[in-house]
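Listing of protein_26.pdb; format and content: PDB, C-alpha atoms and all ligand atoms.
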ATOM      1  CA  MET A   1     -16.258  -7.078 -20.021
ATOM      2  CA  HIS A   2     -12.906  -7.786 -18.446
ATOM      3  CA  THR A   3     -12.114 -11.486 -18.405
ATOM      4  CA  LEU A   4      -9.628 -13.528 -16.404
ATOM      5  CA  PRO A   5      -6.426 -13.867 -18.458
ATOM      6  CA  PRO A   6      -5.219 -17.469 -18.625
ATOM      7  CA  LEU A   7      -1.845 -18.239 -17.083
ATOM      8  CA  ALA A   8       1.054 -18.975 -19.428
ATOM      9  CA  TYR A   9       1.839 -22.081 -17.315
ATOM     10  CA  ASP A  10      -0.062 -24.818 -15.491
ATOM     11  CA  TYR A  11      -1.141 -24.446 -11.875
ATOM     12  CA  ASP A  12       1.474 -27.024 -10.840
ATOM     13  CA  ALA A  13       4.322 -25.526 -12.904
ATOM     14  CA  LEU A  14       5.745 -23.321 -10.120
ATOM     15  CA  GLN A  15       6.045 -26.104  -7.547
ATOM     16  CA  PRO A  16       7.624 -26.568  -5.083
ATOM     17  CA  HIS A  17       8.037 -22.806  -4.674
ATOM     18  CA  ILE A  18       4.351 -21.961  -5.164
ATOM     19  CA  SER A  19       1.907 -24.851  -4.854
ATOM     20  CA  ALA A  20      -0.856 -25.695  -7.308
ATOM     21  CA  ALA A  21      -3.363 -25.137  -4.496
ATOM     22  CA  THR A  22      -2.108 -21.587  -3.928
ATOM     23  CA  LEU A  23      -2.029 -20.767  -7.619
ATOM     24  CA  LYS A  24      -5.500 -22.141  -8.228
ATOM     25  CA  LEU A  25      -6.956 -20.117  -5.363
ATOM     26  CA  HIS A  26      -4.948 -16.981  -6.134
ATOM     27  CA  HIS A  27      -5.685 -16.926  -9.866
ATOM     28  CA  GLY A  28      -9.064 -18.649  -9.967
ATOM     29  CA  ALA A  29     -10.645 -17.018  -6.917
ATOM     30  CA  HIS A  30      -8.760 -13.863  -5.850
ATOM     31  CA  HIS A  31      -7.903 -12.505  -9.304
ATOM     32  CA  ARG A  32     -11.307 -13.532 -10.679
ATOM     33  CA  GLY A  33     -12.973 -11.820  -7.726
ATOM     34  CA  TYR A  34     -11.321  -8.481  -8.524
ATOM     35  CA  LEU A  35     -12.459  -8.775 -12.151
ATOM     36  CA  ASP A  36     -16.028  -9.608 -11.153
ATOM     37  CA  LYS A  37     -16.163  -6.549  -8.884
ATOM     38  CA  LEU A  38     -14.501  -4.382 -11.537
ATOM     39  CA  ASN A  39     -17.066  -5.409 -14.139
ATOM     40  CA  ALA A  40     -19.932  -4.622 -11.778
ATOM     41  CA  LEU A  41     -18.470  -1.232 -10.795
ATOM     42  CA  VAL A  42     -17.472  -0.031 -14.270
ATOM     43  CA  SER A  43     -20.765  -0.997 -15.892
ATOM     44  CA  GLY A  44     -22.631   2.197 -16.796
ATOM     45  CA  SER A  45     -19.730   4.412 -15.652
ATOM     46  CA  PRO A  46     -17.850   6.864 -17.925
ATOM     47  CA  LEU A  47     -14.893   4.439 -17.950
ATOM     48  CA  GLU A  48     -16.879   1.486 -19.295
ATOM     49  CA  GLY A  49     -15.296   0.108 -22.455
ATOM     50  CA  LEU A  50     -11.802   1.430 -21.749
ATOM     51  CA  PRO A  51      -8.813  -0.938 -21.545
ATOM     52  CA  LEU A  52      -7.929  -2.026 -18.030
ATOM     53  CA  ASP A  53      -4.791   0.129 -17.742
ATOM     54  CA  ALA A  54      -6.776   3.218 -18.768
ATOM     55  CA  ILE A  55      -9.375   2.507 -16.083
ATOM     56  CA  VAL A  56      -6.588   2.165 -13.510
ATOM     57  CA  ARG A  57      -5.108   5.512 -14.560
ATOM     58  CA  GLN A  58      -8.402   7.386 -14.767
ATOM     59  CA  ALA A  59     -10.414   5.988 -11.847
ATOM     60  CA  PRO A  60     -10.686   8.319  -8.851
ATOM     61  CA  ARG A  61      -8.256   7.476  -6.055
ATOM     62  CA  PRO A  62      -9.148   6.154  -3.628
ATOM     63  CA  SER A  63     -12.276   4.383  -4.812
ATOM     64  CA  PRO A  64     -13.589   0.817  -5.039
ATOM     65  CA  LEU A  65     -13.288   1.085  -8.833
ATOM     66  CA  PHE A  66      -9.597   1.963  -8.593
ATOM     67  CA  ASN A  67      -8.946  -0.766  -6.027
ATOM     68  CA  ASN A  68     -10.510  -3.533  -8.089
ATOM     69  CA  ALA A  69      -9.161  -2.350 -11.461
ATOM     70  CA  ALA A  70      -5.655  -1.923 -10.070
ATOM     71  CA  GLN A  71      -5.751  -5.309  -8.351
ATOM     72  CA  ALA A  72      -6.863  -6.897 -11.636
ATOM     73  CA  TRP A  73      -4.016  -5.162 -13.485
ATOM     74  CA  ASN A  74      -1.442  -5.918 -10.775
ATOM     75  CA  HIS A  75      -2.336  -9.613 -10.742
ATOM     76  CA  ALA A  76      -2.110  -9.956 -14.547
ATOM     77  CA  PHE A  77       1.315  -8.318 -14.322
ATOM     78  CA  PHE A  78       2.294 -10.618 -11.456
ATOM     79  CA  TRP A  79       1.451 -13.797 -13.411
ATOM     80  CA  ASN A  80       3.639 -12.524 -16.228
ATOM     81  CA  SER A  81       6.419 -11.753 -13.745
ATOM     82  CA  LEU A  82       6.667 -15.474 -12.926
ATOM     83  CA  ARG A  83       7.671 -18.494 -14.977
ATOM     84  CA  PRO A  84       8.598 -22.101 -14.222
ATOM     85  CA  PRO A  85      12.175 -22.489 -12.901
ATOM     86  CA  VAL A  86      14.885 -22.543 -15.572
ATOM     87  CA  PRO A  87      18.647 -22.920 -15.040
ATOM     88  CA  GLY A  88      20.546 -19.656 -15.347
ATOM     89  CA  GLY A  89      17.365 -17.618 -15.617
ATOM     90  CA  GLY A  90      18.743 -14.260 -14.440
ATOM     91  CA  PRO A  91      18.763 -10.894 -16.203
ATOM     92  CA  LEU A  92      20.504 -10.665 -19.579
ATOM     93  CA  GLY A  93      21.693  -8.051 -22.049
ATOM     94  CA  ALA A  94      21.117  -4.357 -21.422
ATOM     95  CA  LEU A  95      18.949  -5.113 -18.407
ATOM     96  CA  ARG A  96      21.752  -7.161 -16.843
ATOM     97  CA  ASP A  97      24.110  -4.193 -17.364
ATOM     98  CA  ARG A  98      21.589  -1.908 -15.664
ATOM     99  CA  VAL A  99      21.180  -4.321 -12.734
ATOM    100  CA  GLU A 100      24.972  -4.190 -12.312
ATOM    101  CA  VAL A 101      24.952  -0.381 -12.251
ATOM    102  CA  ASP A 102      21.990   0.072  -9.916
ATOM    103  CA  PHE A 103      22.298  -2.943  -7.582
ATOM    104  CA  GLY A 104      25.882  -4.185  -8.034
ATOM    105  CA  GLY A 105      24.587  -7.301  -9.819
ATOM    106  CA  PRO A 106      21.839  -9.932  -9.485
ATOM    107  CA  GLU A 107      22.832 -10.818  -5.912
ATOM    108  CA  GLY A 108      22.556  -7.208  -4.838
ATOM    109  CA  PHE A 109      19.194  -6.949  -6.555
ATOM    110  CA  ALA A 110      17.966 -10.144  -4.847
ATOM    111  CA  ALA A 111      18.985  -8.896  -1.394
ATOM    112  CA  ALA A 112      17.368  -5.491  -1.886
ATOM    113  CA  PHE A 113      14.176  -6.944  -3.358
ATOM    114  CA  LYS A 114      13.846  -9.421  -0.488
ATOM    115  CA  GLU A 115      14.418  -6.693   2.085
ATOM    116  CA  ALA A 116      11.727  -4.583   0.442
ATOM    117  CA  ALA A 117       9.333  -7.567   0.473
ATOM    118  CA  ILE A 118       9.912  -8.109   4.189
ATOM    119  CA  GLY A 119       9.441  -4.396   4.839
ATOM    120  CA  VAL A 120       5.941  -4.042   3.379
ATOM    121  CA  PHE A 121       3.627  -3.509   6.348
ATOM    122  CA  GLY A 122       0.379  -5.366   5.733
ATOM    123  CA  SER A 123      -0.817  -6.126   2.209
ATOM    124  CA  GLY A 124       1.007  -4.855  -0.835
ATOM    125  CA  TRP A 125       3.428  -5.310  -3.679
ATOM    126  CA  VAL A 126       7.153  -5.041  -4.396
ATOM    127  CA  TRP A 127       8.140  -3.734  -7.810
ATOM    128  CA  LEU A 128      11.240  -3.422  -9.918
ATOM    129  CA  VAL A 129      10.601  -0.226 -11.851
ATOM    130  CA  ARG A 130      12.324   1.929 -14.397
ATOM    131  CA  GLU A 131      12.326   5.693 -14.072
ATOM    132  CA  GLY A 132      14.229   7.231 -16.951
ATOM    133  CA  GLU A 133      17.346   5.126 -17.367
ATOM    134  CA  ALA A 134      17.588   3.976 -13.756
ATOM    135  CA  LEU A 135      16.102   0.950 -12.049
ATOM    136  CA  SER A 136      14.737   1.044  -8.543
ATOM    137  CA  ILE A 137      12.736  -1.092  -6.144
ATOM    138  CA  VAL A 138       9.527   0.410  -4.845
ATOM    139  CA  THR A 139       6.721  -0.950  -2.688
ATOM    140  CA  SER A 140       3.031  -0.197  -2.839
ATOM    141  CA  GLY A 141       0.289  -0.782  -0.269
ATOM    142  CA  ASN A 142      -2.988  -2.594  -0.957
ATOM    143  CA  ALA A 143      -3.942  -1.998  -4.628
ATOM    144  CA  ASP A 144      -1.574   0.880  -5.352
ATOM    145  CA  THR A 145       0.428   0.492  -8.556
ATOM    146  CA  PRO A 146       3.424   2.288 -10.120
ATOM    147  CA  ILE A 147       1.578   2.917 -13.390
ATOM    148  CA  VAL A 148      -0.240   5.799 -11.700
ATOM    149  CA  HIS A 149       3.027   7.250 -10.391
ATOM    150  CA  GLY A 150       4.944   7.726 -13.638
ATOM    151  CA  GLN A 151       7.039   4.593 -13.175
ATOM    152  CA  THR A 152       7.419   1.722 -15.633
ATOM    153  CA  PRO A 153       7.142  -1.630 -13.856
ATOM    154  CA  LEU A 154       9.433  -4.462 -14.978
ATOM    155  CA  LEU A 155       8.589  -7.149 -12.380
ATOM    156  CA  VAL A 156       6.344  -7.469  -9.352
ATOM    157  CA  LEU A 157       5.975  -9.692  -6.302
ATOM    158  CA  ASP A 158       2.597 -10.020  -4.593
ATOM    159  CA  VAL A 159       3.135  -9.919  -0.824
ATOM    160  CA  TRP A 160      -0.507 -10.089   0.211
ATOM    161  CA  GLU A 161      -0.901 -13.019   2.619
ATOM    162  CA  HIS A 162      -3.147 -14.826   0.124
ATOM    163  CA  ALA A 163      -0.063 -15.154  -2.126
ATOM    164  CA  TYR A 164       1.909 -17.307   0.306
ATOM    165  CA  TYR A 165       0.014 -18.263   3.446
ATOM    166  CA  LEU A 166      -0.977 -21.792   2.340
ATOM    167  CA  ASP A 167       2.626 -22.649   1.451
ATOM    168  CA  TYR A 168       4.683 -20.587   3.902
ATOM    169  CA  GLN A 169       2.235 -19.500   6.651
ATOM    170  CA  SER A 170       3.760 -16.285   8.049
ATOM    171  CA  ARG A 171       7.227 -16.831   6.534
ATOM    172  CA  ARG A 172       7.053 -14.103   3.911
ATOM    173  CA  ALA A 173      10.845 -13.903   3.661
ATOM    174  CA  ALA A 174      11.051 -17.581   2.627
ATOM    175  CA  TYR A 175       8.354 -17.029  -0.008
ATOM    176  CA  ALA A 176      10.150 -13.949  -1.330
ATOM    177  CA  SER A 177      13.484 -15.776  -1.489
ATOM    178  CA  ALA A 178      11.987 -18.728  -3.360
ATOM    179  CA  VAL A 179      10.330 -16.513  -5.958
ATOM    180  CA  ILE A 180      13.393 -14.286  -6.411
ATOM    181  CA  GLU A 181      15.750 -17.253  -6.781
ATOM    182  CA  HIS A 182      13.606 -19.512  -8.930
ATOM    183  CA  LEU A 183      10.555 -17.913 -10.509
ATOM    184  CA  LEU A 184      11.204 -14.348 -11.690
ATOM    185  CA  ASN A 185      10.599 -13.962 -15.418
ATOM    186  CA  TRP A 186      13.571 -11.864 -16.535
ATOM    187  CA  GLU A 187      12.561 -12.154 -20.189
ATOM    188  CA  PHE A 188       9.318 -10.375 -19.315
ATOM    189  CA  ALA A 189      11.332  -7.792 -17.369
ATOM    190  CA  GLU A 190      13.555  -7.228 -20.380
ATOM    191  CA  LEU A 191      10.581  -6.635 -22.667
ATOM    192  CA  ASN A 192       9.265  -4.052 -20.229
ATOM    193  CA  PHE A 193      12.720  -2.511 -19.855
ATOM    194  CA  GLU A 194      13.027  -2.136 -23.611
ATOM    195  CA  GLY A 195       9.501  -0.741 -23.747
ATOM    196  CA  GLU A 196       8.373  -3.347 -26.218
ATOM    197  CA  LEU A 197       5.353  -4.532 -24.352
ATOM    198  CA  ALA A 198       2.070  -2.705 -24.136
ATOM    199  CA  VAL A 199       0.211  -4.218 -21.206
ATOM    200  CA  HIS A 200      -3.475  -3.502 -21.341
ATOM    201  CA  GLY A 201      -4.713  -6.555 -19.438
TER     202      GLY A 201
HETATM  203 FE    FE B   1      -2.736 -11.465  -4.916
END

Reformat the file's structure so that it appears as structure tokens.
Amino acid sequence: MHTLPPLAYDYDALQPHISAATLKLHHGAHHRGYLDKLNALVSGSPLEGLPLDAIVRQAPRPSPLFNNAAQAWNHAFFWNSLRPPVPGGGPLGALRDRVEVDFGGPEGFAAAFKEAAIGVFGSGWVWLVREGEALSIVTSGNADTPIVHGQTPLLVLDVWEHAYYLDYQSRRAAYASAVIEHLLNWEFAELNFEGELAVHG
């Protein structure tokens, strides 16, 4: 049974950039909905009992099982990619050095990540990933996820309309800017960069 992971912060902790109403709906209804469908689909299947990331990797693609498992995994990773605003909360240490090499610094990263977010056609995700030593920004459509493409995700931004429509209507660029400037959890990114975190969801 895959259960909804609690957030590490309150529903109102990301305001004014993401409202409590959005977070409550997104976590409590959308994310929960993917888990409910996943549990129904995996029950009695050969993948029942496996950790969530293993189901994502092993489910046939495309399939409803993959879509719901991957959306459950992507959302858990998204909640960890955010944190309440803190002063000076950018990348640090070895990850900061890598951001300098690959994007020319945090400002270059922010511009490229925002451009990628604007460029996703329809529903999808924008990821900072590590492939070997290098960082890159990749996008995925619908439920697709870099963990089935040999990439190690460090951070993700949900650009499905349900992530921002209540707060920003169609202004996805404003939503992306607010999250990039104020809410990205670079400590989580660093753990993923160093390979210290095993995310099973
Ligand atoms: Fe979402």

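Among the candidate residues A:Thr22, A:Gln71, A:Thr3, A:Asn39, the one lying nearest to A:Asp167 is A:Thr22, with distances computed using all atoms listed in the file.
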
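Between atom CA of A:Val159 and atom CA of A:Leu4 the separation is 20.5 Å.
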
Exercise. Translate the PyMOL selection byres (((not hetatm)) within 12 of (chain B and resi 1)), as applied to the file shown, into an explicit residue set as a ChimeraX atom specification.
Key: /A:22-34,68,70-79,123-126,142-143,156-165

Exercise. Could you list the residues chosen by the PyMOL selection byres (((chain A and resi 87) around 12) and not hetatm) in this structure as a PyMOL selection string?
Key: chain A and resi 83-86+88-90+181-184

Quiz prompt | Hits of the PyMOL selection byres (((chain A and resi 66) around 10) and not hetatm) in this structure, as a list in words | solution = Leu38, Leu41, Val42, Ile55, Val56, Arg57, Gln58, Ala59, Pro60, Arg61, Pro62, Ser63, Pro64, Leu65, Asn67, Asn68, Ala69, Ala70, Gln71, Ala72, Ala143 and Asp144 of chain A

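Of the listed residues (A:Leu35, A:Ala40, A:Ile180, A:Ala189), A:Ile180 comes nearest to A:Glu107; the distances count only C-alpha atoms.
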
Quiz item: Got a sec: who's within 10 Å of A:Ser177, counting all atoms listed in the file, leaving out chain neighbours fewer than 5 positions off, as a list in words?
Solution: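 Listed by chain and then number, they are His17, Ala110, Ala111, Phe113, Lys114, Glu115, Ala117, Arg172, His182 and Leu183 of chain A.
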
Exercise. Go ahead and compute the interatomic distance for atom CA of A:Leu82 and atom CA of A:Asn185, in Å to one decimal.
Key: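 We find that atom CA of A:Leu82 and atom CA of A:Asn185 lie 4.9 Å from each other.
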
Practice problem: To one decimal in Å, tell me the separation between atom CA of A:Ala116 and atom CA of A:Ala174. | Solution: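 If I compute the distance from atom CA of A:Ala116 to atom CA of A:Ala174, I get 13.2 Å.
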
Quiz prompt | Closest of A:Leu166, A:Val148, A:Ala21, A:Trp186 to A:Pro91 - atom-to-atom distances counting all atoms listed in the file | solution = A:Trp186

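Using only C-alpha atoms, the smallest distance between any of A:Leu52, A:Ala134, A:Leu191, A:Ala20 and A:Leu92 comes from A:Leu191.
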